[in-house]
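Below you'll find the structure, written out as structure tokens, and then a few comments.
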Amino acid sequence: MNREATYTLDTLRALDPAVRTDVLRVLDQVVDDLPAHWSRGRGVPQLLVSLDGHGGARTERTGLRELSRHGYLDELHRWVDAVPWERARERGCAALVYGDRVHARTNRIGPFGAPRFVPDTRAHVRLAHQDVRGTLGFTFPFRTEGRLSPRLVFHDWVPETLGRARSR
């Protein structure tokens, strides 16, 4: 097992069982929905995943307007925790999802932005739960498969680790 899988599993196992259930519901939604929102040209979009109040979770795209309410967009550290916390107060548990090239997308220079020759390789998840102090951070690496119609595929350890945390 690699370090990221060990960290993820240890972090999830350390949570209270009720909290872990909510967190896993949100993380499962991230793993299920992100491939549909990802594109090779745009990479990993900023998504907000939260509990829907009916035993499931829902995924929404977040815009720059919502992110900018929490600070300047070029100061990731200001809004990366505030956005999921605000939604967790309303819904119980929420996560902000973004790629490792988020700075290239928010710090645009002119109409062109940053060069896209280095694609996202990881999805970063900042998760807040109303019963946990602070936010939890997870990183899920992925690869792309297919040339004509590429698709995002998480490494095998990601769903396996979530399954192992659920079966504890």
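Chain labels follow the order of the structure tokens: the first chain is A, the next B, and so on; residue numbering restarts at 1 in every chain, and ligands are counted from 1 in their shown order.
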Within 9 Å of A:Gly92, counting only C-alpha atoms, which residues qualify if same-chain residues fewer than 3 places away don't, as JSON, numbers by chain? {"A": [22, 50, 51, 53, 87, 88, 89, 128, 129, 130, 131]}
Based on the selection just made, write all heavy atoms of those residues as an mmCIF file, in the first residue's frame.
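again.cif, freshly written:
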data_model
loop_
_atom_site.group_PDB
_atom_site.id
_atom_site.type_symbol
_atom_site.label_atom_id
_atom_site.label_comp_id
_atom_site.auth_asym_id
_atom_site.auth_seq_id
_atom_site.Cartn_x
_atom_site.Cartn_y
_atom_site.Cartn_z
ATOM 1 N N ASP A 22 -20.751 9.707 6.639
ATOM 2 C CA ASP A 22 -21.005 10.919 5.848
ATOM 3 C C ASP A 22 -19.828 11.241 4.938
ATOM 4 O O ASP A 22 -20.000 11.566 3.760
ATOM 5 C CB ASP A 22 -21.268 12.117 6.762
ATOM 6 C CG ASP A 22 -22.586 12.033 7.503
ATOM 7 O OD1 ASP A 22 -23.446 11.219 7.101
ATOM 8 O OD2 ASP A 22 -22.752 12.783 8.485
ATOM 9 N N SER A 50 -21.653 17.798 -1.666
ATOM 10 C CA SER A 50 -22.215 17.869 -0.317
ATOM 11 C C SER A 50 -23.333 16.853 -0.162
ATOM 12 O O SER A 50 -23.861 16.331 -1.146
ATOM 13 C CB SER A 50 -22.749 19.279 -0.036
ATOM 14 O OG SER A 50 -23.738 19.626 -0.972
ATOM 15 N N LEU A 51 -23.681 16.574 1.092
ATOM 16 C CA LEU A 51 -24.808 15.681 1.367
ATOM 17 C C LEU A 51 -26.083 16.343 0.873
ATOM 18 O O LEU A 51 -26.227 17.559 0.950
ATOM 19 C CB LEU A 51 -24.900 15.401 2.867
ATOM 20 C CG LEU A 51 -23.719 14.657 3.485
ATOM 21 C CD1 LEU A 51 -23.927 14.492 4.986
ATOM 22 C CD2 LEU A 51 -23.520 13.311 2.829
ATOM 23 N N GLY A 53 -29.226 15.434 1.989
ATOM 24 C CA GLY A 53 -30.302 15.360 2.972
ATOM 25 C C GLY A 53 -31.225 14.174 2.777
ATOM 26 O O GLY A 53 -32.144 13.960 3.549
ATOM 27 N N ARG A 87 -20.607 25.309 3.328
ATOM 28 C CA ARG A 87 -21.617 24.333 2.895
ATOM 29 C C ARG A 87 -21.842 23.252 3.948
ATOM 30 O O ARG A 87 -22.959 22.755 4.098
ATOM 31 C CB ARG A 87 -21.171 23.724 1.570
ATOM 32 C CG ARG A 87 -22.208 22.862 0.893
ATOM 33 C CD ARG A 87 -23.505 23.589 0.577
ATOM 34 N NE ARG A 87 -23.315 24.772 -0.207
ATOM 35 C CZ ARG A 87 -23.453 24.836 -1.523
ATOM 36 N NH1 ARG A 87 -23.787 23.762 -2.192
ATOM 37 N NH2 ARG A 87 -23.287 25.975 -2.154
ATOM 38 N N ALA A 88 -20.811 22.881 4.701
ATOM 39 C CA ALA A 88 -20.968 21.865 5.744
ATOM 40 C C ALA A 88 -21.895 22.360 6.856
ATOM 41 O O ALA A 88 -22.611 21.568 7.466
ATOM 42 C CB ALA A 88 -19.612 21.465 6.318
ATOM 43 N N ARG A 89 -21.885 23.652 7.124
ATOM 44 C CA ARG A 89 -22.818 24.202 8.126
ATOM 45 C C ARG A 89 -24.259 24.001 7.692
ATOM 46 O O ARG A 89 -25.138 23.770 8.515
ATOM 47 C CB ARG A 89 -22.546 25.679 8.339
ATOM 48 C CG ARG A 89 -21.384 25.938 9.242
ATOM 49 C CD ARG A 89 -21.300 27.408 9.635
ATOM 50 N NE ARG A 89 -19.907 27.749 9.752
ATOM 51 C CZ ARG A 89 -19.237 28.537 8.920
ATOM 52 N NH1 ARG A 89 -19.848 29.117 7.923
ATOM 53 N NH2 ARG A 89 -17.967 28.773 9.104
ATOM 54 N N ALA A 128 -15.036 19.180 4.809
ATOM 55 C CA ALA A 128 -15.429 19.690 6.124
ATOM 56 C C ALA A 128 -16.677 18.940 6.589
ATOM 57 O O ALA A 128 -17.570 18.650 5.788
ATOM 58 C CB ALA A 128 -15.717 21.186 6.051
ATOM 59 N N HIS A 129 -16.708 18.636 7.869
ATOM 60 C CA HIS A 129 -17.880 18.008 8.488
ATOM 61 C C HIS A 129 -18.232 18.814 9.722
ATOM 62 O O HIS A 129 -17.339 19.249 10.459
ATOM 63 C CB HIS A 129 -17.582 16.554 8.860
ATOM 64 C CG HIS A 129 -18.802 15.782 9.230
ATOM 65 N ND1 HIS A 129 -19.406 15.898 10.467
ATOM 66 C CD2 HIS A 129 -19.540 14.907 8.524
ATOM 67 C CE1 HIS A 129 -20.457 15.110 10.504
ATOM 68 N NE2 HIS A 129 -20.567 14.486 9.335
ATOM 69 N N GLN A 130 -19.508 18.987 9.951
ATOM 70 C CA GLN A 130 -19.935 19.839 11.060
ATOM 71 C C GLN A 130 -19.491 19.305 12.420
ATOM 72 O O GLN A 130 -19.395 20.064 13.381
ATOM 73 C CB GLN A 130 -21.449 20.016 11.032
ATOM 74 C CG GLN A 130 -22.232 18.732 11.231
ATOM 75 C CD GLN A 130 -23.716 18.927 11.046
ATOM 76 O OE1 GLN A 130 -24.160 20.025 10.724
ATOM 77 N NE2 GLN A 130 -24.478 17.864 11.235
ATOM 78 N N ASP A 131 -19.189 18.016 12.541
ATOM 79 C CA ASP A 131 -18.782 17.443 13.819
ATOM 80 C C ASP A 131 -17.274 17.234 13.948
ATOM 81 O O ASP A 131 -16.820 16.624 14.919
ATOM 82 C CB ASP A 131 -19.484 16.097 14.034
ATOM 83 C CG ASP A 131 -20.991 16.256 14.156
ATOM 84 O OD1 ASP A 131 -21.440 17.344 14.563
ATOM 85 O OD2 ASP A 131 -21.715 15.296 13.840
#
Step one, run DSSP on the backbone; step two, keep only residues of stretch 12-79 of chain A assigned to alpha helix (DSSP H); then write them as a ChimeraX atom specification. /A:12-13,17-37,64-68,76-79
So that I have them on file, write out the residues from the current selection with N, CA, C and O atoms, as a short mmCIF file (atom, residue, chain, number, x, y, z; two decimals), in the first residue's frame.
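Result file is again32.cif:
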data_model
loop_
_atom_site.label_atom_id
_atom_site.label_comp_id
_atom_site.auth_asym_id
_atom_site.auth_seq_id
_atom_site.Cartn_x
_atom_site.Cartn_y
_atom_site.Cartn_z
N LEU A 12 -9.50 8.11 7.65
CA LEU A 12 -10.90 7.70 7.68
C LEU A 12 -11.21 6.80 8.87
O LEU A 12 -12.26 6.93 9.49
N ARG A 13 -10.31 5.91 9.20
CA ARG A 13 -10.54 5.02 10.34
C ARG A 13 -10.51 5.75 11.67
O ARG A 13 -11.11 5.30 12.64
N PRO A 17 -17.69 6.68 13.70
CA PRO A 17 -18.41 5.93 12.66
C PRO A 17 -19.50 6.72 11.92
O PRO A 17 -19.65 6.60 10.70
N ALA A 18 -20.27 7.54 12.64
CA ALA A 18 -21.31 8.34 11.98
C ALA A 18 -20.70 9.37 11.04
O ALA A 18 -21.19 9.59 9.92
N VAL A 19 -19.63 10.01 11.49
CA VAL A 19 -18.93 10.99 10.66
C VAL A 19 -18.31 10.29 9.45
O VAL A 19 -18.38 10.77 8.33
N ARG A 20 -17.68 9.13 9.69
CA ARG A 20 -17.05 8.38 8.60
C ARG A 20 -18.07 8.02 7.53
O ARG A 20 -17.77 8.09 6.33
N THR A 21 -19.27 7.66 7.91
CA THR A 21 -20.31 7.33 6.94
C THR A 21 -20.61 8.53 6.04
O THR A 21 -20.70 8.38 4.82
N ASP A 22 -20.75 9.71 6.64
CA ASP A 22 -21.01 10.92 5.85
C ASP A 22 -19.83 11.24 4.94
O ASP A 22 -20.00 11.57 3.76
N VAL A 23 -18.62 11.16 5.49
CA VAL A 23 -17.42 11.48 4.71
C VAL A 23 -17.28 10.52 3.54
O VAL A 23 -16.99 10.93 2.41
N LEU A 24 -17.50 9.23 3.78
CA LEU A 24 -17.40 8.25 2.69
C LEU A 24 -18.47 8.47 1.63
O LEU A 24 -18.22 8.25 0.44
N ARG A 25 -19.64 8.89 2.04
CA ARG A 25 -20.69 9.18 1.07
C ARG A 25 -20.25 10.31 0.13
O ARG A 25 -20.45 10.24 -1.08
N VAL A 26 -19.64 11.33 0.70
CA VAL A 26 -19.16 12.46 -0.12
C VAL A 26 -17.98 12.03 -0.99
O VAL A 26 -17.93 12.34 -2.18
N LEU A 27 -17.03 11.30 -0.42
CA LEU A 27 -15.87 10.85 -1.21
C LEU A 27 -16.27 9.89 -2.32
O LEU A 27 -15.71 9.94 -3.42
N ASP A 28 -17.23 9.01 -2.06
CA ASP A 28 -17.73 8.13 -3.12
C ASP A 28 -18.34 8.94 -4.27
O ASP A 28 -18.16 8.61 -5.44
N GLN A 29 -19.05 9.99 -3.92
CA GLN A 29 -19.64 10.86 -4.95
C GLN A 29 -18.56 11.54 -5.77
O GLN A 29 -18.69 11.67 -6.99
N VAL A 30 -17.47 11.95 -5.12
CA VAL A 30 -16.34 12.56 -5.84
C VAL A 30 -15.78 11.57 -6.85
O VAL A 30 -15.59 11.89 -8.03
N VAL A 31 -15.51 10.35 -6.39
CA VAL A 31 -14.93 9.33 -7.26
C VAL A 31 -15.89 8.95 -8.40
O VAL A 31 -15.45 8.72 -9.53
N ASP A 32 -17.17 8.92 -8.13
CA ASP A 32 -18.16 8.56 -9.16
C ASP A 32 -18.39 9.69 -10.17
O ASP A 32 -18.54 9.44 -11.36
N ASP A 33 -18.44 10.94 -9.69
CA ASP A 33 -18.84 12.06 -10.56
C ASP A 33 -17.69 12.77 -11.26
O ASP A 33 -17.90 13.35 -12.33
N LEU A 34 -16.51 12.78 -10.70
CA LEU A 34 -15.43 13.56 -11.29
C LEU A 34 -15.11 13.16 -12.74
O LEU A 34 -14.90 14.04 -13.57
N PRO A 35 -15.10 11.87 -13.09
CA PRO A 35 -14.82 11.55 -14.49
C PRO A 35 -15.79 12.19 -15.48
O PRO A 35 -15.40 12.54 -16.59
N ALA A 36 -17.03 12.38 -15.09
CA ALA A 36 -18.02 13.00 -15.99
C ALA A 36 -17.78 14.50 -16.15
O ALA A 36 -18.13 15.08 -17.18
N HIS A 37 -17.19 15.14 -15.16
CA HIS A 37 -16.95 16.59 -15.21
C HIS A 37 -15.58 16.94 -15.77
O HIS A 37 -15.34 18.08 -16.14
N LEU A 64 -16.25 31.17 -9.98
CA LEU A 64 -15.31 32.10 -9.38
C LEU A 64 -16.01 33.07 -8.44
O LEU A 64 -15.43 33.52 -7.47
N ARG A 65 -17.26 33.37 -8.70
CA ARG A 65 -18.01 34.28 -7.82
C ARG A 65 -18.12 33.70 -6.41
O ARG A 65 -17.88 34.39 -5.43
N GLU A 66 -18.49 32.43 -6.32
CA GLU A 66 -18.62 31.82 -4.99
C GLU A 66 -17.26 31.73 -4.30
O GLU A 66 -17.14 32.00 -3.10
N LEU A 67 -16.22 31.37 -5.03
CA LEU A 67 -14.90 31.27 -4.43
C LEU A 67 -14.38 32.63 -3.98
O LEU A 67 -13.75 32.75 -2.94
N SER A 68 -14.66 33.67 -4.75
CA SER A 68 -14.12 35.00 -4.44
C SER A 68 -14.78 35.62 -3.21
O SER A 68 -14.23 36.56 -2.64
N LEU A 76 -5.20 30.73 -2.60
CA LEU A 76 -5.89 29.46 -2.41
C LEU A 76 -6.09 29.13 -0.94
O LEU A 76 -7.15 28.65 -0.55
N HIS A 77 -5.12 29.42 -0.11
CA HIS A 77 -5.21 29.07 1.30
C HIS A 77 -6.36 29.78 2.01
O HIS A 77 -6.82 29.32 3.04
N ARG A 78 -6.86 30.88 1.46
CA ARG A 78 -7.97 31.60 2.10
C ARG A 78 -9.31 30.93 1.85
O ARG A 78 -10.15 30.89 2.72
N TRP A 79 -9.52 30.42 0.64
CA TRP A 79 -10.85 29.91 0.34
C TRP A 79 -10.94 28.41 0.27
O TRP A 79 -12.02 27.84 0.26
#
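The nearest approach to A:Arg42 among the residues A:Pro141, A:Thr161, A:Val102, A:Asp156, with only C-alpha atoms taken into account, belongs to A:Val102.
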Between atom CA of A:Glu90 and atom CA of A:Phe154, measure the distance and give it in Å to one decimal.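 Separation between atom CA of A:Glu90 and atom CA of A:Phe154: 29.4 Å.
The gap separating atom CA of A:Asp100 from atom CA of A:Val44 is 8.3 Å, in Å to one decimal.
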Shell around A:Pro119 at 10 Å using only C-alpha atoms, local window under 3 positions removed, as a list in words: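 Everything that qualifies: Arg40, Gly41, Arg42, Gly43, Val44, Gly99, Asp100, Arg101, Pro115, Arg116 and Arg122 of chain A.
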If I take atom CA of A:Ala94 and atom CA of A:Ala165, how far is one from the other in Å, to one decimal?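 One can read the atom CA of A:Ala94 to atom CA of A:Ala165 distance as 18.4 Å.
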